[in-house]
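Below: the structure, in structure tokens.
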Amino acid sequence: MSANASSTVAVAPFGRRGQAAASSAVGHARMANAIRALAMDAVEQAKSGHPGMPMGMADVATVLFKQFLKFDPADSAWPDRDRFVISAGHGSMLIYALLYLTGYPAMTIDEIKRFRQLGSLTPGHPEYGHTPGVETTTGPLGQGLANAVGMAIAEKHLAAAFGKEVVDHKTYVIASDGDLMEGVSHEAIALAGHLKLNKLIVLFDDNGISIDGALSLSDSVDQVKRFEACGWNAARIDGHDPQAIASAIANAKKSDRPVLIACKTKIGYGAPTKVGSEKAHGSPLGADEIKGARDNLAWKHAPFEVPADVLSAWRKAGERSKGAHTEWSKRLAALEDGQRAEFERRMKGELPQQAIADAVRKAKESLASTPKDIATRSSSEIALEALIPAVPEMIGGSADLTGSNNTRTKAMQAITAADFSGRFIHYGVREHGMAATMNGMALRGGIIPYSGTFLVFSDYARPAIRLAALMGIRVIHVMTHDSIGLGEDGPTHQPVEHLAALRAIPNLLVFRPCDAVETIECWQLALENKHRPSVLALTRQNLPQLRRALNADNRCAAGAYEIEPADGKADVSLFATGSEVSVAIEARKLLAAKSVAARVVSVPCFELLAEAPEPQRHAVIGSAKVNVGVEAAVRQGWDAVIGSNGAFIGMSSFGASAPYKDLYKKFGITAEAVADAAMRKLGKG
Ligand SMILES: Cc1ncc(C[n+]2csc(CCOP(=O)(O)OP(=O)(O)O)c2C)c(N)n1
């Protein structure tokens, strides 16, 4: 497919198509108008929402759902369904209308009437896990498009692993101007083009309008050229012409690379005065405008009323893939037993528990017999060497820091455009795109993605990490170089506030293991937490292996545990994470020399500690006279562990460029400083 040379596509006035169709049986236009009517009525009733996009994209969506999309409303979890992502999540009424019209059982007309109300299946923006048929949570623009790239990668990888008989679907995306203006879109489309993701089809709502007004206020990118430059095929069409839409999608399905279809549309199509203007974007149209739209579209029906013939045409569209679903089930049943069981296990997101337990046990046994004083990023590589063969759904990667993040094991092959059977992705320098792509892979199902970058660049990935937490999906971020301990790269690369910032995200587990044994335990916990993402904050610098005795239990599961007891009744509790646990252990010795009994508690995961049963939490926090926290980061968040009365040894400024031992001295994160702080608190300083 080649781009249409013209950058403008004439769009027919809506009156003609609307009227013509009204006289036929149930043509395209009446089906599309049902979406428009539901969108304007629901937004009007809620007194909030975005009618313009659903009204503008109703034609495109109708063609897609009626003729192309492979889906079965009776089974929204059918693994081989096409994925449909509405990246412009503000147009949520488009997908809610489609789910209702095509017959998803949960999406009743009452749910449409309760648009944006508490507890309804029709929240303001589409929410994954809340509304059956919604494939990902969207609203923050750009994310859905990047998720779709991950879904398309996942499809290719799983097809390579299990065969086209059971994995062979497309991923369709509706993306708006806003989606394409967001930076993350560029990271995602560049990766998609590089990997030649030919089963990814983006339907761009090319309406030239955003909230502030005409797009020309802020943007003059030629999106067709931009996508082509990224290795996509791209075309421009009239997004209100059903034939043009159908032939563009049919062409796209044959493409050898991902496809952008720029659909020239009018926002608020049908509305008499607000059409084509930002006034249709994000507020109810109002009674007069709605009346005018009903006239324009020849839609004579009461609010929320879809006439029986139109509804039945839509329900038929919803039945269209039943045969394909049945055939797919037969092909699945025909797979060899072991292969089928493995496919089903992976689709359910169940772990190979025994294989993981064996891998963890063996790694711990080896560390007990041959302790390793290494950086936790290297410990993580050891953990991965054990886990990767045991957990085939793990797909690793790095944002161009593979050698620094230690996320690629020796046997791992890279995924390439020519061969998707590999298990490692070179994401390029694209942290945000990487995190959003990983979300899409996890959402597609059958894959547990993990990444690599520096902890300081978690800021670049944060919007996608937040959405992973909101959606409750299992993605694992390996973030190395986790403090001033990285040394000479200096303050630009030294995270200071990042642990606190990540801990502030609900439903995210932030692990900071102190040695090789804790690192493998934290990996195990990250894998076992099916409904939340994890970050593993790991060091660049070597650390002593503190856990020398073999422990079958996963001690990190408690979030915190006493790693070194006091001699007798503790006067002082020293709490530390990661690289600072060994500092605390040194401080304990200094205090012992002054006849002060101190215990050391390792706190690899604040979140797991916070949710531990109260007696357990109480026991590990203890009741020493003085609590001291040690972490080479800001104090924020620590009061929950040490109390507002506790002393804290950490960072209160940015770091500096120097060998790391000098930095620990300069910033006072030393055993002496910890012991002195404890003595002062005891009134002995
Ligand atoms: C990351 C992000 N920034 C800002 C917004 C707020 N917002 C919602 S829609 C929109 C832009 C609307 O323009 P467009 O994407 O073209 O959608 P249309 O008006 O065509 O529906 C903005 C800025 C958002 N949802 N996400």
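Starting from 1 in every chain, residues are counted up; chains themselves are A, B, ... following the order of the structure tokens, and ligands are numbered from 1 as listed.
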
**Message:** Give me, as a count of residues only, the set of residues whose atoms come within 9 Å of any atom of ligand 1, counting only C-alpha atoms and all ligand atoms.
**Reply:** 43

Can you write out as JSON lines which residues of range 482-541 of chain A fall within 8 Å of range 471-475 of chain A, alongside each residue's closest atom pair and its distance in Å to one decimal, counting only C-alpha atoms and ordering rows by chain and ascending residue number?
```
{"residue": "A:Asn507", "atom": "CA", "partner": "A:Gly472", "partner_atom": "CA", "distance": 7.2}
{"residue": "A:Ala526", "atom": "CA", "partner": "A:Arg474", "partner_atom": "CA", "distance": 8.0}
{"residue": "A:Leu527", "atom": "CA", "partner": "A:Arg474", "partner_atom": "CA", "distance": 7.5}
{"residue": "A:Asn529", "atom": "CA", "partner": "A:Arg474", "partner_atom": "CA", "distance": 6.9}
{"residue": "A:Lys530", "atom": "CA", "partner": "A:Arg474", "partner_atom": "CA", "distance": 5.3}
{"residue": "A:His531", "atom": "CA", "partner": "A:Gly472", "partner_atom": "CA", "distance": 4.5}
{"residue": "A:Arg532", "atom": "CA", "partner": "A:Gly472", "partner_atom": "CA", "distance": 4.6}
{"residue": "A:Pro533", "atom": "CA", "partner": "A:Arg474", "partner_atom": "CA", "distance": 4.7}
{"residue": "A:Ser534", "atom": "CA", "partner": "A:Val475", "partner_atom": "CA", "distance": 6.5}
```

**Fill in**
Among A:Ser329, A:Gln45, A:Ser312, A:Thr416, Asp80 in chain A is approached most closely, using only C-alpha atoms, by A:Ser329

**Message:** Just checking: using only C-alpha atoms, which residue out of A:Val478, A:Met412, A:Val628, A:Ala504 ends up closest to Glu431 in chain A?
**Reply:** A:Val478

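Using only C-alpha atoms, the shortest contact distance between Lys196 in chain A and any of A:Ala148, A:Asn233, A:Ala417, A:Gln243 is found at A:Ala417.
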
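For range 283-285 of chain A, the list of residues within 10 Å, based on only C-alpha atoms and with local chain neighbours fewer than 2 positions off taken out, reads Ala39, Met40, Asp41, Ala42, Val43, Glu44, Gln45, Ala46, Lys47, Ser48, Gly49, His50, Pro51, Gly52, Gly268, Ala271, Thr273, Lys274, Glu278, Lys279, Ala280, His281, Ala287, Asp288, Glu289, Ile290, Lys291 and Ala293 of chain A.
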
Give me a file of those residues, with N, CA and C atoms, as an mmCIF file, in the first residue's frame.
```
data_model
loop_
_atom_site.group_PDB
_atom_site.id
_atom_site.type_symbol
_atom_site.label_atom_id
_atom_site.label_comp_id
_atom_site.auth_asym_id
_atom_site.auth_seq_id
_atom_site.Cartn_x
_atom_site.Cartn_y
_atom_site.Cartn_z
ATOM 1 N N ALA A 39 -23.758 7.381 22.033
ATOM 2 C CA ALA A 39 -22.685 8.216 22.582
ATOM 3 C C ALA A 39 -23.230 9.571 23.012
ATOM 4 N N MET A 40 -24.025 10.204 22.168
ATOM 5 C CA MET A 40 -24.489 11.548 22.575
ATOM 6 C C MET A 40 -25.487 11.469 23.720
ATOM 7 N N ASP A 41 -26.323 10.411 23.713
ATOM 8 C CA ASP A 41 -27.313 10.286 24.787
ATOM 9 C C ASP A 41 -26.650 9.988 26.133
ATOM 10 N N ALA A 42 -25.655 9.095 26.111
ATOM 11 C CA ALA A 42 -25.000 8.719 27.372
ATOM 12 C C ALA A 42 -24.235 9.908 27.955
ATOM 13 N N VAL A 43 -23.543 10.638 27.091
ATOM 14 C CA VAL A 43 -22.776 11.795 27.571
ATOM 15 C C VAL A 43 -23.738 12.866 28.102
ATOM 16 N N GLU A 44 -24.857 13.019 27.405
ATOM 17 C CA GLU A 44 -25.843 14.014 27.838
ATOM 18 C C GLU A 44 -26.391 13.651 29.227
ATOM 19 N N GLN A 45 -26.725 12.367 29.376
ATOM 20 C CA GLN A 45 -27.306 11.931 30.656
ATOM 21 C C GLN A 45 -26.293 12.058 31.790
ATOM 22 N N ALA A 46 -25.032 11.708 31.502
ATOM 23 C CA ALA A 46 -23.991 11.784 32.543
ATOM 24 C C ALA A 46 -23.594 13.232 32.827
ATOM 25 N N LYS A 47 -23.986 14.116 31.929
ATOM 26 C CA LYS A 47 -23.564 15.529 31.979
ATOM 27 C C LYS A 47 -22.046 15.664 31.893
ATOM 28 N N SER A 48 -21.401 14.611 31.390
ATOM 29 C CA SER A 48 -19.958 14.708 31.129
ATOM 30 C C SER A 48 -19.528 13.584 30.204
ATOM 31 N N GLY A 49 -18.406 13.798 29.543
ATOM 32 C CA GLY A 49 -17.893 12.781 28.621
ATOM 33 C C GLY A 49 -17.546 13.386 27.277
ATOM 34 N N HIS A 50 -17.248 12.516 26.325
ATOM 35 C CA HIS A 50 -16.679 12.943 25.047
ATOM 36 C C HIS A 50 -17.463 12.354 23.882
ATOM 37 N N PRO A 51 -18.418 13.073 23.370
ATOM 38 C CA PRO A 51 -19.226 12.522 22.277
ATOM 39 C C PRO A 51 -18.534 12.600 20.912
ATOM 40 N N GLY A 52 -17.598 13.532 20.738
ATOM 41 C CA GLY A 52 -17.079 13.834 19.401
ATOM 42 C C GLY A 52 -16.359 12.678 18.732
ATOM 43 N N GLY A 268 -17.560 14.759 16.017
ATOM 44 C CA GLY A 268 -18.965 15.099 16.265
ATOM 45 C C GLY A 268 -19.836 14.957 15.024
ATOM 46 N N ALA A 271 -23.604 16.316 14.356
ATOM 47 C CA ALA A 271 -24.027 17.471 15.159
ATOM 48 C C ALA A 271 -24.066 18.714 14.265
ATOM 49 N N THR A 273 -24.075 22.138 14.618
ATOM 50 C CA THR A 273 -23.179 23.303 14.703
ATOM 51 C C THR A 273 -21.815 22.949 15.285
ATOM 52 N N LYS A 274 -21.743 21.877 16.049
ATOM 53 C CA LYS A 274 -20.473 21.555 16.732
ATOM 54 C C LYS A 274 -19.597 20.606 15.928
ATOM 55 N N GLU A 278 -13.804 21.770 18.201
ATOM 56 C CA GLU A 278 -13.424 21.254 19.514
ATOM 57 C C GLU A 278 -14.611 21.245 20.481
ATOM 58 N N LYS A 279 -15.666 21.954 20.114
ATOM 59 C CA LYS A 279 -16.850 21.986 20.995
ATOM 60 C C LYS A 279 -17.503 20.605 21.101
ATOM 61 N N ALA A 280 -17.199 19.733 20.122
ATOM 62 C CA ALA A 280 -17.775 18.380 20.172
ATOM 63 C C ALA A 280 -16.883 17.420 20.947
ATOM 64 N N HIS A 281 -15.686 17.888 21.349
ATOM 65 C CA HIS A 281 -14.708 16.941 21.905
ATOM 66 C C HIS A 281 -15.122 16.386 23.271
ATOM 67 N N ALA A 287 -29.300 19.792 24.453
ATOM 68 C CA ALA A 287 -30.557 19.271 23.905
ATOM 69 C C ALA A 287 -30.790 19.708 22.457
ATOM 70 N N ASP A 288 -30.547 20.969 22.162
ATOM 71 C CA ASP A 288 -30.831 21.458 20.804
ATOM 72 C C ASP A 288 -29.917 20.793 19.777
ATOM 73 N N GLU A 289 -28.639 20.712 20.133
ATOM 74 C CA GLU A 289 -27.665 20.118 19.221
ATOM 75 C C GLU A 289 -27.992 18.632 18.973
ATOM 76 N N ILE A 290 -28.422 17.976 20.027
ATOM 77 C CA ILE A 290 -28.758 16.545 19.889
ATOM 78 C C ILE A 290 -29.980 16.385 18.993
ATOM 79 N N LYS A 291 -30.937 17.283 19.167
ATOM 80 C CA LYS A 291 -32.132 17.216 18.314
ATOM 81 C C LYS A 291 -31.727 17.407 16.846
ATOM 82 N N ALA A 293 -28.827 16.799 15.557
ATOM 83 C CA ALA A 293 -28.060 15.632 15.104
ATOM 84 C C ALA A 293 -29.010 14.494 14.737
#
```

Polymer residues at most 6 Å from Gly440 in chain A, only C-alpha atoms, same-chain spacing of 2 or more positions, as an mmCIF file with C-alpha atoms, in the first residue's frame:
```
data_model
loop_
_atom_site.group_PDB
_atom_site.id
_atom_site.type_symbol
_atom_site.label_atom_id
_atom_site.label_comp_id
_atom_site.auth_asym_id
_atom_site.auth_seq_id
_atom_site.Cartn_x
_atom_site.Cartn_y
_atom_site.Cartn_z
ATOM 1 C CA ASN A 147 0.242 -1.422 24.440
ATOM 2 C CA ALA A 148 -0.959 -2.584 21.042
ATOM 3 C CA GLY A 150 3.256 -5.198 22.799
ATOM 4 C CA MET A 151 0.139 -7.213 21.971
ATOM 5 C CA THR A 437 4.932 -2.340 25.265
ATOM 6 C CA MET A 438 5.500 -4.715 28.158
ATOM 7 C CA ALA A 442 1.228 -9.003 29.601
ATOM 8 C CA LEU A 443 -2.298 -7.981 28.601
#
```

**Message:** Give me, as a ChimeraX atom specification, all polymer residues having an atom no more than 10 Å from Trp328 in chain A, counting only C-alpha atoms and skipping those fewer than 3 positions away in the same chain.
**Reply:** /A:78-80,165-168,322-325,331-334

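In this comparison, which uses only C-alpha atoms, the residue of A:Thr409, A:Asn627, A:Ser92, A:Thr370 approaching Ile382 in chain A most closely is A:Thr409.
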
**Request:** Enumerate the residues of range 81-282 of chain A with a DSSP assignment of strand (DSSP E or B), computed from the backbone, and present them as a count of residues only.
**Result:** 33

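Between CA of Lys199 in chain A and CA of Gln67 in chain A the separation is 16.5 Å.
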
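Shortest separation to Glu562 in chain A among A:Phe424, A:Tyr664, A:Trp638, A:Phe575 occurs at residue A:Phe575, atoms counted being only C-alpha atoms.
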